[in-house]
Structure formats: C-alpha cells, structure tokens
>>> print(open('target-v7.txt').read())   # compact mmCIF, C-alpha atoms
# COMPACT_ATOMS: atom_id res chain seq x y z
CA MET P 233 97.73 114.78 73.76
CA ASP P 234 98.38 117.15 70.88
CA THR P 235 95.98 115.69 68.32
CA PHE P 236 97.54 117.44 65.34
CA GLN P 237 101.00 116.21 66.29
CA ALA P 238 99.63 112.68 66.69
CA ILE P 239 98.00 112.92 63.26
CA ARG P 240 101.25 114.11 61.69
CA VAL P 241 103.10 111.23 63.30
CA PHE P 242 100.46 108.73 62.15
CA ILE P 243 100.77 109.98 58.56
CA ARG P 244 104.57 109.82 58.73
CA VAL P 245 104.47 106.24 60.07
CA VAL P 246 102.27 105.18 57.17
CA ASP P 247 104.39 107.01 54.60
CA ALA P 248 107.65 105.70 56.04
CA GLY P 249 106.34 102.18 56.51
CA SER P 250 107.66 101.84 60.04
CA PHE P 251 107.72 103.47 63.44
CA THR P 252 111.52 103.58 63.43
CA ALA P 253 111.79 105.33 60.06
CA ALA P 254 109.12 107.83 61.06
CA ALA P 255 110.89 108.50 64.35
CA GLN P 256 114.19 109.15 62.60
CA ALA P 257 112.55 111.46 60.06
CA MET P 258 110.81 113.45 62.80
CA ASN P 259 113.76 113.48 65.21
CA LEU P 260 111.76 111.59 67.83
CA SER P 261 112.35 108.31 69.60
CA THR P 262 110.58 105.20 68.36
CA ALA P 263 108.88 104.97 71.76
CA GLN P 264 107.50 108.51 71.39
CA VAL P 265 106.14 107.72 67.94
CA SER P 266 104.59 104.48 69.14
CA ARG P 267 103.01 106.23 72.13
CA LEU P 268 101.54 109.02 69.99
CA VAL P 269 99.94 106.54 67.58
CA SER P 270 98.63 104.45 70.48
CA ASP P 271 97.23 107.55 72.17
CA LEU P 272 95.53 108.55 68.93
CA GLU P 273 94.02 105.08 68.58
CA ASN P 274 92.79 105.22 72.18
CA HIS P 275 91.34 108.67 71.63
CA LEU P 276 89.48 107.47 68.53
CA GLN P 277 88.63 104.12 70.11
CA ALA P 278 89.71 102.44 66.88
CA ARG P 279 92.70 100.45 65.66
CA LEU P 280 94.39 102.37 62.83
CA LEU P 281 97.35 100.09 62.20
CA GLN P 282 97.74 96.33 62.27
CA ARG P 283 101.18 95.65 63.70
CA THR P 284 103.21 92.47 63.47
CA THR P 285 106.90 91.91 64.07
CA ARG P 286 107.52 92.00 60.32
CA ARG P 287 104.82 94.21 58.92
CA LEU P 288 102.77 97.34 59.44
CA ARG P 289 99.41 97.57 57.66
CA LEU P 290 96.55 100.04 57.72
CA THR P 291 93.22 98.78 58.92
CA GLU P 292 90.11 99.72 56.95
CA VAL P 293 89.33 102.37 59.55
CA GLY P 294 92.94 103.54 59.42
CA ALA P 295 92.84 103.94 55.64
CA ARG P 296 89.69 106.08 55.82
CA TYR P 297 91.12 108.12 58.68
CA LEU P 298 94.42 108.62 56.84
CA GLU P 299 92.64 109.98 53.78
CA ARG P 300 90.62 112.43 55.88
CA CYS P 301 93.68 113.52 57.89
CA ARG P 302 95.59 114.30 54.70
CA GLN P 303 92.67 116.47 53.54
CA ILE P 304 92.50 118.29 56.87
CA LEU P 305 96.23 119.02 56.99
CA SER P 306 96.18 120.19 53.37
CA GLU P 307 93.31 122.57 54.13
CA MET P 308 95.15 123.87 57.19
CA GLU P 309 98.22 124.60 55.08
CA ASP P 310 96.08 126.40 52.51
CA ALA P 311 94.52 128.56 55.21
>>> encode(input="target-v7.txt", output="structure tokens")
Amino acid sequence: MDTFQAIRVFIRVVDAGSFTAAAQAMNLSTAQVSRLVSDLENHLQARLLQRTTRRLRLTEVGARYLERCRQILSEMEDA
C-alpha cells in the first residue's frame, strides 16, 4: 500500500463527503477509493470513518488523524 496515496484519498473522501465524489475527483473507481481507505484503516488498526448507507462521518480517531495528515502533507509541500 502506498501510504501517502491512501492518506490523500482519505482526505479527499472527507472533503468531498463521499467515496463516489472523491473517486470522480481523483479519476479513480469508487471501489479503489474504498479499498485504499479500508487498507489505511487496517494498517492503523483504527476506524477512521463511520459509514452508513446515507452518511459518512469521521470518528474521533479519524478527526485527529485527518488533522495530523493535513499538517504532514502541508509540510511535505513546503519542503
């Protein structure tokens, strides 16, 4: 798994509010986006998103992780 790609996808899912919208924005399939987020959650051994058929919501762990990921990606861009 490309961790940085998975992080970028995770951030896009949160920003877009759905897996489908994130997939379209990143020119990926919804299945690819879902798999990357699931792989990231498995890697971290933590649930980042609470999924229902109608709603997508960050967990407490997901919110903290999202904030840190944004900082890391910003620092990478600055470098």
>>> closest_residue(input="target-v7.txt", among="P:Val293, P:Ala254, P:Leu272, P:Leu260", to="P:Ala238", atoms="all atoms listed in the file")
P:Leu272
>>> closest_residue(input="target-v7.txt", among="P:Ile304, P:Arg287, P:Met233, P:Gln256", to="P:Ser270", atoms="all atoms listed in the file")
P:Met233
>>> closest_residue(input="target-v7.txt", among="P:Phe236, P:Ser306, P:Ala257, P:Phe242", to="P:Gly294", atoms="all atoms listed in the file")
P:Phe242
>>> closest_residue(input="target-v7.txt", among="P:Ile239, P:Met308, P:Cys301, P:Val246", to="P:Glu273", atoms="all atoms listed in the file")
P:Ile239
>>> atom_distance(input="target-v7.txt", atom1="atom CA of P:Arg240", atom2="atom CA of P:Ser261")
14.8 Å
>>> residues_around(input="target-v7.txt", residues="P:Thr291", least_positions_apart="6", cutoff="9 Å", atoms="all atoms listed in the file", output="PyMOL selection string")
chain P and resi 279-282
>>> residues_around(input="target-v7.txt", residues="P:Gln264", least_positions_apart="6", cutoff="10 Å", atoms="all atoms listed in the file", output="PyMOL selection string")
chain P and resi 241+251+255+270
>>> atom_distance(input="target-v7.txt", atom1="atom CA of P:Gln277", atom2="atom CA of P:Glu299")
17.8 Å
>>> atom_distance(input="target-v7.txt", atom1="atom CA of P:Leu288", atom2="atom CA of P:Asp234")
23.3 Å
>>> closest_residue(input="target-v7.txt", among="P:Gly249, P:Ala263, P:Ile243, P:Met258", to="P:Arg286", atoms="all atoms listed in the file")
P:Gly249
>>> axis_aligned_box(input="target-v7.txt", around="stretch 250-258 of chain P", padding_each_side="8 Å", output="lines of an AutoDock Vina configuration file")
center_x = 110.9
center_y = 107.6
center_z = 62.2
size_x = 22.5
size_y = 27.6
size_z = 20.3
>>> closest_residue(input="target-v7.txt", among="P:Leu290, P:Asp310, P:Thr284, P:Asp271", to="P:Val245", atoms="all atoms listed in the file")
P:Leu290
